[in-house]
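Here the structure comes first, spelled out in structure tokens, and everything after it is commentary.
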Amino acid sequence: MSDSRLVLILADQLTPSISSLQAAVREQDVVLMVEAMEEATYVRHHKKKIAFLFSAMRHFAEDLRSQGWTVEYRKLDDPDNTGSLGGEVIRAVQGGGLAGVIVTEPGEWRLRSAMENWSEGLGLPVEILPDTRFIASHREFADWAEGRKQLRMEFFYRDMRKKTGLLMEGDKPSGGKWNFDAENRKSAKSDLFMPQPAGFAPDVITKEVLELVTTRFGDHFGDLEPFWFGVTAAQAEEALETFIEQALSKFGDFQDAMLSDQRFLYHSILSLYINAGLLDPLAVCRRVETEYHAGRAPLNAVEGFIRQIIGWREYVRGIYWLKMPAYVGENFFNAKRALPEFYWTAETDMACLSAAITQTKEEAYAHHIQRLMVTGNFAMLAGVDPKEVHEWYLMVYADAYEWVELPNTLGMSQFADGGLLGSKPYAASGNYINKMSDYCHSCRYKVQQKTGEDACPFNPLYWHFLDRNGDKLRGNPRLGQVYRTWDKMSDEKRADYLDTAERFLEKLH
């Protein structure tokens, strides 16, 4: 047996400095990359997401070959492709001559669990290395969480600021505050001069992938074209620079705003590149930090952006690995309603939901407030099973991987973990959506109307949600005033809210 090992690179590990490649020997080890039907269909991923990953993988394989690596690349339509990562690893080692398998830890618990059993079946050692692209290791997060009744991101984020030195002046935060979120909640007005994210014309490799996805995944959710995502590290870097030059300075002010005819506003649209490995998250943060120090971007924008990456992104990953596999079954409100059909079609009279879902269908993208306060808020108020909500988010967004999507959905969006992650449910009536968007102007429902057939459904559903879950939420100190308002209402008014909500829910399916 030779000293050569098989180095398995996954679809979200498209990073030259990934730990598995760092541990490998370029002159003797063999890189394996696989387009696996099992990975594309364990949930029915958005067509754009599949195309993005397959094309990015093919480009990355070419880059590795140009650097002198030996790469075995298994395309989805290769006649002998077994359809699974495990099957392709078995096929790769069957010829003998390999001393073992190296892989960087996957981002999903189901894959990590499967890999831990590979060694016995292969008769070879399988080394699963930590993913060093993250700032906090599993052990570091577990040590931070130990003994805490509530795991609040804000305190973890401060530790990450200190560890990285980002936006720090000695041991104090730049500007004297850790968090400038209060300055980042402005509504926006439509502006013809709003920037657009960098877009890239498909090359020969991408065109081949688009044909494959059309043929093999034509019945999956979402529009495949126009396809404008970058698929190489160079294109991802260009997308970063476009964001910094055109949008960063106003990112903070309007990061919670929603506009019908401006899908991207001042958002970066970089999460799909970061999560797939085409951009290094810490390097991105340092690049953005330089804009603050150079006086080209205000602190509220730069801090808000950096917090999303070294704070929230790292934090939800820590929660995921700390609480899996039980976390996926959390259902604090015992919600059982099926996900409404309009989550797949966007065919609903609620303008906000129609806009957010149409955008999701066409772009495989919606920003965090559309996800949290429109599609997520509605699902929670309506009592949709959180596992169905989780699977929908995992399917439909190009940046969604279970480690980042599951805590965001079950914990933050649906409060299904009962407050482990958030201090209160992100429940809101139509007033919030009206304040932060222009959706209500074109809606057939009336946002100012509280009850009756023409009332914005968010209004009665909000009170219905609080009423039916009162036994679980009345003790929450952040909801005390809300319940006092409910209790002061007349019996007739409360009954009107509940009756309007019930009639709407009866017609939902």
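Ordered as shown in the structure tokens, chains take letters A, B, and onward, while each chain numbers its residues from 1 and ligands are numbered from 1 in the order shown.
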
Near Ala247 of chain A, counting only C-alpha atoms, which residues have an atom at most 12 Å away, once you skip same-chain residues fewer than 6 positions from it, shown as a compact mmCIF listing (two decimals) with N, CA and C atoms, in the first residue's frame?
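Result went into out-v9.txt, see below:
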# COMPACT_ATOMS: atom_id res chain seq x y z
N PHE A 193 -31.44 54.92 -8.15
CA PHE A 193 -29.98 54.85 -8.12
C PHE A 193 -29.47 53.89 -7.05
N MET A 194 -30.34 53.05 -6.54
CA MET A 194 -29.87 52.02 -5.59
C MET A 194 -28.93 51.05 -6.32
N PRO A 195 -27.89 50.59 -5.63
CA PRO A 195 -26.93 49.70 -6.29
C PRO A 195 -27.52 48.32 -6.53
N GLN A 196 -26.90 47.59 -7.42
CA GLN A 196 -27.25 46.20 -7.68
C GLN A 196 -26.03 45.33 -7.37
N PRO A 197 -26.24 44.13 -6.88
CA PRO A 197 -25.09 43.25 -6.62
C PRO A 197 -24.39 42.88 -7.92
N ALA A 198 -23.13 42.55 -7.82
CA ALA A 198 -22.37 42.14 -9.00
C ALA A 198 -23.00 40.88 -9.60
N ALA A 239 -17.58 40.57 -6.25
CA ALA A 239 -18.87 40.87 -5.61
C ALA A 239 -18.66 41.61 -4.29
N LEU A 240 -17.64 41.21 -3.53
CA LEU A 240 -17.30 41.89 -2.28
C LEU A 240 -16.92 43.34 -2.54
N GLU A 241 -16.07 43.56 -3.52
CA GLU A 241 -15.63 44.92 -3.81
C GLU A 241 -16.78 45.79 -4.32
N ASP A 253 -27.98 51.67 7.79
CA ASP A 253 -29.22 52.45 7.90
C ASP A 253 -30.44 51.65 7.45
N PHE A 254 -30.31 50.95 6.33
CA PHE A 254 -31.48 50.37 5.69
C PHE A 254 -31.49 48.84 5.68
N GLN A 255 -30.73 48.21 6.61
CA GLN A 255 -30.64 46.76 6.53
C GLN A 255 -31.94 46.06 6.90
N PHE A 264 -32.67 44.01 -3.41
CA PHE A 264 -31.38 43.87 -2.75
C PHE A 264 -31.01 45.07 -1.87
N LEU A 265 -31.60 46.23 -2.13
CA LEU A 265 -31.30 47.44 -1.39
C LEU A 265 -29.79 47.60 -1.23
N TYR A 266 -29.31 47.68 0.02
CA TYR A 266 -27.87 47.85 0.26
C TYR A 266 -27.25 46.59 0.88
N HIS A 267 -27.90 45.45 0.68
CA HIS A 267 -27.37 44.20 1.22
C HIS A 267 -26.20 43.70 0.36
N SER A 268 -25.37 42.86 0.97
CA SER A 268 -24.13 42.45 0.30
C SER A 268 -24.32 41.29 -0.66
N ILE A 269 -25.27 40.40 -0.41
CA ILE A 269 -25.47 39.16 -1.19
C ILE A 269 -24.15 38.37 -1.23
N VAL A 288 -13.79 45.00 5.30
CA VAL A 288 -14.84 45.97 5.61
C VAL A 288 -14.38 46.93 6.71
N GLU A 291 -12.59 50.04 5.66
CA GLU A 291 -13.40 51.14 5.13
C GLU A 291 -13.80 52.11 6.24
N ARG A 296 -14.45 55.88 4.94
CA ARG A 296 -15.34 55.71 3.78
C ARG A 296 -16.66 55.04 4.12
N ALA A 297 -16.81 54.53 5.33
CA ALA A 297 -18.06 53.88 5.74
C ALA A 297 -18.30 54.16 7.22
N PRO A 298 -19.53 54.47 7.61
CA PRO A 298 -19.82 54.81 9.00
C PRO A 298 -19.77 53.58 9.90
N ALA A 301 -22.74 51.00 10.00
CA ALA A 301 -22.80 50.06 8.88
C ALA A 301 -21.76 48.96 9.03
N VAL A 302 -20.54 49.35 9.35
CA VAL A 302 -19.44 48.38 9.45
C VAL A 302 -19.66 47.45 10.63
N PHE A 305 -22.50 44.96 9.85
CA PHE A 305 -22.07 43.92 8.93
C PHE A 305 -21.18 42.89 9.62

Can you build me a table of segment 343-435 of chain A residues sitting at most 7 Å from segment 462-465 of chain A, with the closest atom pair per residue and its distance in Å to one decimal, using only C-alpha atoms, sorted by chain and residue number, as a Markdown table?
| residue | atom | partner | partner_atom | distance |
| --- | --- | --- | --- | --- |
| A:Leu381 | CA | A:Phe465 | CA | 5.3 |
| A:Ala427 | CA | A:Tyr462 | CA | 6.8 |
| A:Ala428 | CA | A:Tyr462 | CA | 6.3 |
| A:Ser429 | CA | A:Tyr462 | CA | 5.5 |

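Distance-wise, atom CA of Val126 of chain A and atom CA of Val101 of chain A end up 4.7 Å apart.
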
**Prompt:** For Arg26 of chain A, which of A:Ala40, A:Ala61, A:Leu98, A:Val7 is the closest residue, counting only C-alpha atoms?
**Reply:** A:Val7

**Asked** Got a sec: who's within 8 Å of Trp403 of chain A, counting only C-alpha atoms, leaving out chain neighbours fewer than 5 positions off, as a PyMOL selection string?
**Response** chain A and resi 107-109+316-317+320-321

**Asked** Quick one: distance from atom CA of Lys361 of chain A to atom CA of Leu410 of chain A in Å, one decimal?
**Response** 21.6 Å

**Request:** Any chance you could list, as a ChimeraX atom specification, the residues in segment 115-290 of chain A that come up strand (DSSP E or B) when DSSP is run on the backbone?
**Result:** /A:126-129,168-169,172-173,258-259,262

**Item:** Contacts of Glu388 of chain A within 9 Å, only C-alpha atoms, excl. fewer than 4 positions in-chain, as a VMD selection string
**Value:** chain A and resid 338 to 339 384 392 to 393

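Closest approach to Ala11 of chain A among A:Val89, A:Leu272, A:Met489, A:Leu166 is made by A:Leu272 (distances from only C-alpha atoms).
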
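Within the 10 Å cut-off around Arg313 of chain A, using only C-alpha atoms and omitting residues fewer than 4 positions from it on the same chain, the listed residues are Phe134, Met153, Tyr157, Ser271, Asn275, Pro281, Ile306, Arg307, Gln308, Ile309, Arg317, Gly318, Trp403, Val404, Glu405 and Asn408 of chain A.
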
Export N, CA, C and O atoms of the chosen residues as a compact mmCIF listing (two decimals), in the first residue's frame?
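And here is the file that came out, out-v2.txt:
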# COMPACT_ATOMS: atom_id res chain seq x y z
N PHE A 134 -13.78 28.77 10.76
CA PHE A 134 -14.59 29.44 11.78
C PHE A 134 -13.68 29.94 12.90
O PHE A 134 -12.63 29.37 13.19
N MET A 153 -26.60 35.90 22.06
CA MET A 153 -25.55 36.18 21.08
C MET A 153 -24.70 37.39 21.45
O MET A 153 -23.49 37.40 21.23
N TYR A 157 -20.74 37.55 21.03
CA TYR A 157 -20.20 38.47 20.02
C TYR A 157 -19.08 39.32 20.59
O TYR A 157 -18.06 39.55 19.93
N SER A 271 -23.41 36.08 1.44
CA SER A 271 -23.48 34.90 2.31
C SER A 271 -23.35 33.60 1.54
O SER A 271 -22.78 32.62 2.04
N ASN A 275 -20.51 31.05 2.69
CA ASN A 275 -20.91 29.74 3.19
C ASN A 275 -20.42 28.60 2.31
O ASN A 275 -20.28 27.47 2.77
N PRO A 281 -14.49 34.39 5.72
CA PRO A 281 -15.30 35.33 6.51
C PRO A 281 -14.49 36.34 7.30
O PRO A 281 -14.87 37.52 7.36
N ILE A 306 -20.20 43.38 10.36
CA ILE A 306 -19.27 42.48 11.04
C ILE A 306 -20.00 41.63 12.09
O ILE A 306 -19.70 40.44 12.26
N ARG A 307 -20.99 42.23 12.77
CA ARG A 307 -21.75 41.47 13.77
C ARG A 307 -22.47 40.28 13.14
O ARG A 307 -22.57 39.22 13.74
N GLN A 308 -22.97 40.44 11.93
CA GLN A 308 -23.67 39.34 11.28
C GLN A 308 -22.74 38.15 11.04
O GLN A 308 -23.18 37.00 11.05
N ILE A 309 -21.45 38.42 10.84
CA ILE A 309 -20.51 37.36 10.49
C ILE A 309 -19.81 36.78 11.72
O ILE A 309 -19.92 35.58 12.01
N ARG A 317 -23.79 28.63 14.51
CA ARG A 317 -23.04 27.39 14.32
C ARG A 317 -22.75 26.73 15.66
O ARG A 317 -22.87 25.50 15.80
N GLY A 318 -22.39 27.53 16.65
CA GLY A 318 -22.14 26.97 17.98
C GLY A 318 -23.38 26.33 18.56
O GLY A 318 -23.31 25.22 19.12
N TRP A 403 -26.44 23.90 9.35
CA TRP A 403 -25.80 24.46 10.54
C TRP A 403 -26.17 25.92 10.77
O TRP A 403 -26.26 26.38 11.91
N VAL A 404 -26.38 26.67 9.68
CA VAL A 404 -26.72 28.09 9.83
C VAL A 404 -28.22 28.32 9.74
O VAL A 404 -28.78 29.18 10.42
N GLU A 405 -28.90 27.52 8.94
CA GLU A 405 -30.33 27.74 8.72
C GLU A 405 -31.19 27.24 9.87
O GLU A 405 -32.16 27.90 10.27
N ASN A 408 -31.37 29.51 12.99
CA ASN A 408 -32.06 30.73 12.57
C ASN A 408 -33.56 30.51 12.48
O ASN A 408 -34.34 31.38 12.87

**Message:** Can you tell me which residues surround Thr132 of chain A at a distance of at most 9 Å, considering only C-alpha atoms, apart from same-chain residues fewer than 3 positions away, and format the answer as a count of residues only?
**Reply:** 7

**Request:** Give me the residues within 8 Å of Leu282 of chain A as a ChimeraX atom specification, counting only C-alpha atoms and dropping any in the same chain fewer than 2 places off.
**Result:** /A:135,280,284-286,310

**Message:** as a VMD selection string, please: every residue in segment 159-234 of chain A that a backbone DSSP assignment puts in helix (DSSP H, G or I).
**Reply:** chain A and resid 159 to 164 174 to 176 181 to 183 204 to 216 233 to 234

**Fill in**
Between A:Arg337, A:Arg152, A:Arg139, A:Arg216, smallest distance to Met37 of chain A by only C-alpha atoms belongs to A:Arg216
